[in-house]
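Below is one structure, written out as structure tokens; comments come after it.
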There are 2 protein chains.
Amino acid sequence: MRDVSIVGIGQTKVGEHWEKSLRDLAVESLWAAMDEVGIEKADALYVGNMLGGQFVGQEHLGTLIADFAGLRGTEAFRVEAACCSGAAALRQGYLAVASGLHDIVAVTGVEKMTDALGCTTAAGLATATDGDYEASQGLSLVAVHALLMRRYMYKYGATNADFAMFAVNAHRNAVGNPYAMFHRPISKDAFEKARMIADPINLLDSAPVADGAATLVLCPREQASEFSTQPIRISASAVATDSVALHDRRDLLFLESAYLSAKRAYQQAGVGPDDIDVFELHDAFTIMSALSLEACGFAERGEGYRLGQNGNISLEGPTPICTMGGLKARGNPVGATGVYQVVEVVEQLRGQAGPNQVQSPRLGMAQNIGGSGGTAITHIMEAMN
Amino acid sequence: MRDVSIVGIGQTKVGEHWEKSLRDLAVESLWAAMDEVGIEKADALYVGNMLGGQFVGQEHLGTLIADFAGLRGTEAFRVEAACCSGAAALRQGYLAVASGLHDIVAVTGVEKMTDALGCTTAAGLATATDGDYEASQGLSLVAVHALLMRRYMYKYGATNADFAMFAVNAHRNAVGNPYAMFHRPISKDAFEKARMIADPINLLDSAPVADGAATLVLCPREQASEFSTQPIRISASAVATDSVALHDRRDLLFLESAYLSAKRAYQQAGVGPDDIDVFELHDAFTIMSALSLEACGFAERGEGYRLGQNGNISLEGPTPICTMGGLKARGNPVGATGVYQVVEVVEQLRGQAGPNQVQSPRLGMAQNIGGSGGTAITHIMEAMN
């Protein structure tokens, strides 16, 4: 298969876009990316979206967005894998270019959540869980994660406050990201006083749902210099799954999908966790930051939360995570998040991360997780300059 | 890219499966296909489904079905393109094998519609239209097609009765398909007396929504003989899009997406319409049969409906369509339909179509259409014996 490069990025600000529809957001990010590349056409469009049908009554999003962006006629699909729909769309776009099927491919992640009409936000998000065994028993998506966090705290003797620095770090970084939802730092004290959402998960453990869209433009590596002075190579793309329902996991506190997809990605790129300079992980809840760091080899089991405490995860630390605010403070427009993560890695590898710039990063990793770990998709990107 | 073969098929009966869940149906068809091939694992699973989120409160279907089928860990996604989600999933599965990424890939189309809880069937199906410009104005999916049919009748002087033989042919063929929803022929007289659904579309112009699942197992052509004595080659796979909304089409009565995807498929396979021995077209409504036959080069514009009248489309005719009952009488479990169509072409090319066997077919084509023509996906299959 061919090597694939990212030559264009685009994103909307994440937030409550009451005045913009789902298609408006998608097209805005798509045009921003296409403008950067200097193209008016693409061979295909892959759209990552989880909740368009339930929230705004719109399926058929691949074709709809392609048409409104001026790409009528082109191949277009929507790809869905719950909260990792964005990375799933990138996976398909990557494959379309790597295979030689297409040369110029756009990947757009989009979600419109703040004026959901079709159902409540909690009910929509719960469709990422196992409906027959979890949601139907009253387990919301946050409740499923609360079970994970409670178990982790019980097994490893951690307290809720031990997770504070994941949120503090994310909010600190979001200040420097003009596209982030929140631009104010939070204190450890504020975290500890935050009200409970689903005990032991409090408001500041939780990433906010939001509206937003992000786009990547891909092409074969050998053509990349035609479109960008700073093409970023996709060194690895890997997917793994686990049971959707928690009760069926072999080990509740080990994200097997995250472990397997990271392992496959490391193998494809020929690297290990020590080589990763920036890691955009899936901090939908702080417990997921700890579990992801453990599953991906950055911490021993039961030690992930300590990376938050000892400064390891800050922009200056050995394992910078959520460098542009993460899901927690950039905001989590669910089906778009996986694309935002990769856009942010690209910003870091290009040296365009402004005040949040990590020093001379060469390799960046993004891991997008569906549900409570049912699916994990890992991409590794490499600066070529 | 590598040549790809279909080595296994599986399907559930189409109908009202009150006693089976969405995952039950999907796994039943997946296991039937895997049993036929004699495998217990696959490298990836692509699931075609349109309405799981809205109807049964379940997204994240790729991973959920993979896990319940015993494929935990494997790459799995859901692909959605409204009513052509099934063919969209096949498109991704085809690409995964053709590219060399995976060797054994399963493609499952599934829909569970008869006990929809989340919204009405009409509201769910309307999310295949342009929500902001069509559904929100009260246009259901059948109403959109009624506009097409009325315009066609006006422009070409056809009457509703002129479309009868598409339904009569489908019902006649379904009698010989054990997996079909309806097993009784209908008369032209019954068609003419059928009650109106959305004038001029009557009950017997319309394919019934239903529950069902179908699966294909793919592998590289050079490995196909390990898994099947009758592998079927996928000679072409092509996608094209148009505007989702009717009012934006360049020409209301020309299915540009169907035309373009068929043209691309013919080019890839190096054949033309005269070479196609079996054509499974997307007869969600009889008007779509006429428009598809015209767009794919089987009839001049304005003449498609005559192919129904003159016997051309019957099993003995030059252009057999809907040979196992079509959407009309096999039933239309929306996201599964595109996979059923290809399963049926495979049955014909293997010579396993029983009383419905077309004489010595070599090439079969399946065309799955999303919405009222927003997306069209065409696959051409070839018998290799």
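Letters A, B, ... mark the chains of the structure tokens in the order given; residue numbers begin at 1 per chain; ligand numbers begin at 1, in order shown.
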Please identify all residues of chain B having at least one atom at most 6 Å from any atom of chain A, considering only C-alpha atoms, and return them as a PyMOL selection string. chain B and resi 54+57-60+64+67+72-75+77-82+99+127-128+131+239-244
Next, write the just-selected residues to a file, as a JSON list (two decimals), in the first residue's frame, keeping C-alpha atoms as the atom set.
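And here is the file that came out, selection_24.json:
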[["chain", "number", "residue", "atom", "x", "y", "z"],
["B", 54, "GLN", "CA", -33.22, 5.78, 15.70],
["B", 57, "GLY", "CA", -31.45, 2.77, 20.26],
["B", 58, "GLN", "CA", -28.23, 1.11, 19.17],
["B", 59, "GLU", "CA", -25.28, 2.74, 17.43],
["B", 60, "HIS", "CA", -21.78, 1.19, 17.62],
["B", 64, "LEU", "CA", -21.43, -4.99, 18.92],
["B", 67, "ASP", "CA", -18.35, -9.29, 19.55],
["B", 72, "ARG", "CA", -14.01, -9.70, 19.42],
["B", 73, "GLY", "CA", -10.87, -7.70, 18.79],
["B", 74, "THR", "CA", -11.29, -7.54, 15.03],
["B", 75, "GLU", "CA", -11.60, -4.29, 13.10],
["B", 77, "PHE", "CA", -17.28, -0.38, 11.64],
["B", 78, "ARG", "CA", -20.74, 0.60, 10.59],
["B", 79, "VAL", "CA", -21.11, 2.31, 7.23],
["B", 80, "GLU", "CA", -24.17, 4.41, 6.46],
["B", 81, "ALA", "CA", -25.48, 5.88, 3.25],
["B", 82, "ALA", "CA", -29.24, 5.82, 3.92],
["B", 99, "SER", "CA", -5.91, -2.99, -0.99],
["B", 127, "THR", "CA", -33.92, 11.04, 7.48],
["B", 128, "ALA", "CA", -32.73, 9.69, 4.10],
["B", 131, "GLY", "CA", -34.05, 17.07, 6.46],
["B", 239, "VAL", "CA", -20.16, 4.86, -6.16],
["B", 240, "ALA", "CA", -21.61, 8.18, -7.24],
["B", 241, "THR", "CA", -23.62, 10.88, -5.54],
["B", 242, "ASP", "CA", -26.09, 13.56, -6.52],
["B", 243, "SER", "CA", -28.00, 16.12, -4.48],
["B", 244, "VAL", "CA", -29.98, 14.54, -1.68]]
From a DSSP pass on the backbone, collect the residues of range 194-269 of chain A flagged as strand (DSSP E) and hand them back as a list in words. Met196, Ile197, Ala198, Ile201, Asn202, Gly212, Ala213, Ala214, Thr215, Leu216, Val217, Leu218, Cys219, Pro220, Ile232, Arg233, Ile234, Ser235, Ala236, Ser237, Ala238, Val239, Ala240 and Thr241 of chain A
Got a sec: who's within 10 Å of Gly297 in chain A, counting only C-alpha atoms, leaving out chain neighbours fewer than 2 positions off, as a list in words? Tyr259, Ala262, Lys263, Gly272, Pro273, Asp274, Ser292, Leu293, Glu294, Ala295, Ala299, Glu300, Arg301 and Gly304 of chain A
Export all heavy atoms of the chosen residues as a short mmCIF file (atom, residue, chain, number, x, y, z; two decimals), in the first residue's frame?
data_model
loop_
_atom_site.label_atom_id
_atom_site.label_comp_id
_atom_site.auth_asym_id
_atom_site.auth_seq_id
_atom_site.Cartn_x
_atom_site.Cartn_y
_atom_site.Cartn_z
N TYR A 259 -5.23 -1.08 24.04
CA TYR A 259 -3.95 -1.78 24.05
C TYR A 259 -3.64 -2.38 22.68
O TYR A 259 -2.56 -2.18 22.12
CB TYR A 259 -3.99 -2.88 25.12
CG TYR A 259 -2.90 -3.90 24.98
CD1 TYR A 259 -1.58 -3.61 25.36
CD2 TYR A 259 -3.15 -5.16 24.45
CE1 TYR A 259 -0.56 -4.54 25.22
CE2 TYR A 259 -2.14 -6.10 24.30
CZ TYR A 259 -0.85 -5.79 24.69
OH TYR A 259 0.15 -6.71 24.54
N ALA A 262 -3.15 0.31 19.89
CA ALA A 262 -1.85 0.98 20.05
C ALA A 262 -0.71 0.04 19.66
O ALA A 262 0.23 0.43 18.97
CB ALA A 262 -1.68 1.46 21.49
N LYS A 263 -0.83 -1.21 20.09
CA LYS A 263 0.23 -2.20 19.77
C LYS A 263 0.37 -2.36 18.25
O LYS A 263 1.49 -2.35 17.70
CB LYS A 263 -0.16 -3.54 20.41
CG LYS A 263 0.86 -4.64 20.25
CD LYS A 263 0.37 -5.90 20.99
CE LYS A 263 0.99 -7.14 20.39
NZ LYS A 263 0.37 -8.37 20.90
N GLY A 272 7.75 2.88 19.65
CA GLY A 272 7.13 2.51 20.93
C GLY A 272 6.68 3.76 21.65
O GLY A 272 6.91 4.88 21.17
N PRO A 273 6.05 3.59 22.80
CA PRO A 273 5.52 4.76 23.51
C PRO A 273 6.60 5.81 23.81
O PRO A 273 6.30 7.01 23.82
CB PRO A 273 4.92 4.17 24.80
CG PRO A 273 5.30 2.74 24.83
CD PRO A 273 5.69 2.34 23.46
N ASP A 274 7.82 5.38 24.03
CA ASP A 274 8.88 6.35 24.33
C ASP A 274 9.17 7.30 23.17
O ASP A 274 9.74 8.38 23.35
CB ASP A 274 10.19 5.63 24.70
CG ASP A 274 10.08 4.94 26.05
OD1 ASP A 274 9.11 5.23 26.79
OD2 ASP A 274 10.95 4.11 26.35
N SER A 292 -6.17 4.93 29.41
CA SER A 292 -5.52 4.97 28.09
C SER A 292 -4.01 5.02 28.24
O SER A 292 -3.28 4.36 27.48
CB SER A 292 -6.00 6.20 27.31
OG SER A 292 -7.39 6.13 27.09
N LEU A 293 -3.52 5.82 29.18
CA LEU A 293 -2.07 5.89 29.39
C LEU A 293 -1.50 4.53 29.77
O LEU A 293 -0.42 4.14 29.33
CB LEU A 293 -1.76 6.93 30.48
CG LEU A 293 -1.93 8.39 30.04
CD1 LEU A 293 -1.96 9.32 31.25
CD2 LEU A 293 -0.81 8.80 29.07
N GLU A 294 -2.27 3.77 30.56
CA GLU A 294 -1.82 2.43 30.94
C GLU A 294 -1.88 1.47 29.74
O GLU A 294 -0.92 0.73 29.47
CB GLU A 294 -2.67 1.91 32.10
CG GLU A 294 -2.50 2.74 33.37
CD GLU A 294 -3.47 2.35 34.49
OE1 GLU A 294 -4.03 1.23 34.46
OE2 GLU A 294 -3.67 3.18 35.40
N ALA A 295 -3.00 1.50 29.01
CA ALA A 295 -3.17 0.56 27.91
C ALA A 295 -2.15 0.80 26.79
O ALA A 295 -1.74 -0.14 26.11
CB ALA A 295 -4.59 0.67 27.35
N ALA A 299 2.28 4.06 31.20
CA ALA A 299 2.31 3.88 32.65
C ALA A 299 2.02 2.42 32.96
O ALA A 299 1.36 1.73 32.18
CB ALA A 299 1.25 4.78 33.31
N GLU A 300 2.51 1.97 34.10
CA GLU A 300 2.16 0.63 34.57
C GLU A 300 0.68 0.61 34.96
O GLU A 300 0.10 1.65 35.25
CB GLU A 300 3.01 0.27 35.80
CG GLU A 300 4.50 0.17 35.53
CD GLU A 300 4.83 -0.95 34.56
OE1 GLU A 300 4.30 -2.07 34.73
OE2 GLU A 300 5.61 -0.70 33.61
N ARG A 301 0.12 -0.56 35.05
CA ARG A 301 -1.28 -0.68 35.46
C ARG A 301 -1.46 -0.14 36.87
O ARG A 301 -0.66 -0.43 37.77
CB ARG A 301 -1.73 -2.12 35.36
CG ARG A 301 -1.75 -2.59 33.91
CD ARG A 301 -2.57 -3.83 33.76
NE ARG A 301 -3.93 -3.61 34.26
CZ ARG A 301 -4.85 -4.56 34.30
NH1 ARG A 301 -4.54 -5.78 33.87
NH2 ARG A 301 -6.06 -4.30 34.77
N GLY A 304 -1.51 5.00 36.03
CA GLY A 304 -1.82 6.02 35.02
C GLY A 304 -2.18 7.37 35.61
O GLY A 304 -1.76 8.41 35.10
#
d(CA of Ala33 in chain A, CA of Tyr133 in chain B) in Å: 26.5 Å
Out of range 76-176 of chain A, which residues get helix (DSSP H, G or I) from DSSP, as a ChimeraX atom specification? /A:85-98,121-128,135-137,141-156,160-174
Which residue is closest to Val345 in chain B? Choose from B:Ile6, B:Leu291, B:Lys41, B:Gly86 and count only C-alpha atoms. B:Ile6
Please, what distance in Å, to one decimal, runs between CA of Asp199 in chain B and CA of Ala146 in chain B?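 Separation between CA of Asp199 in chain B and CA of Ala146 in chain B: 6.3 Å.
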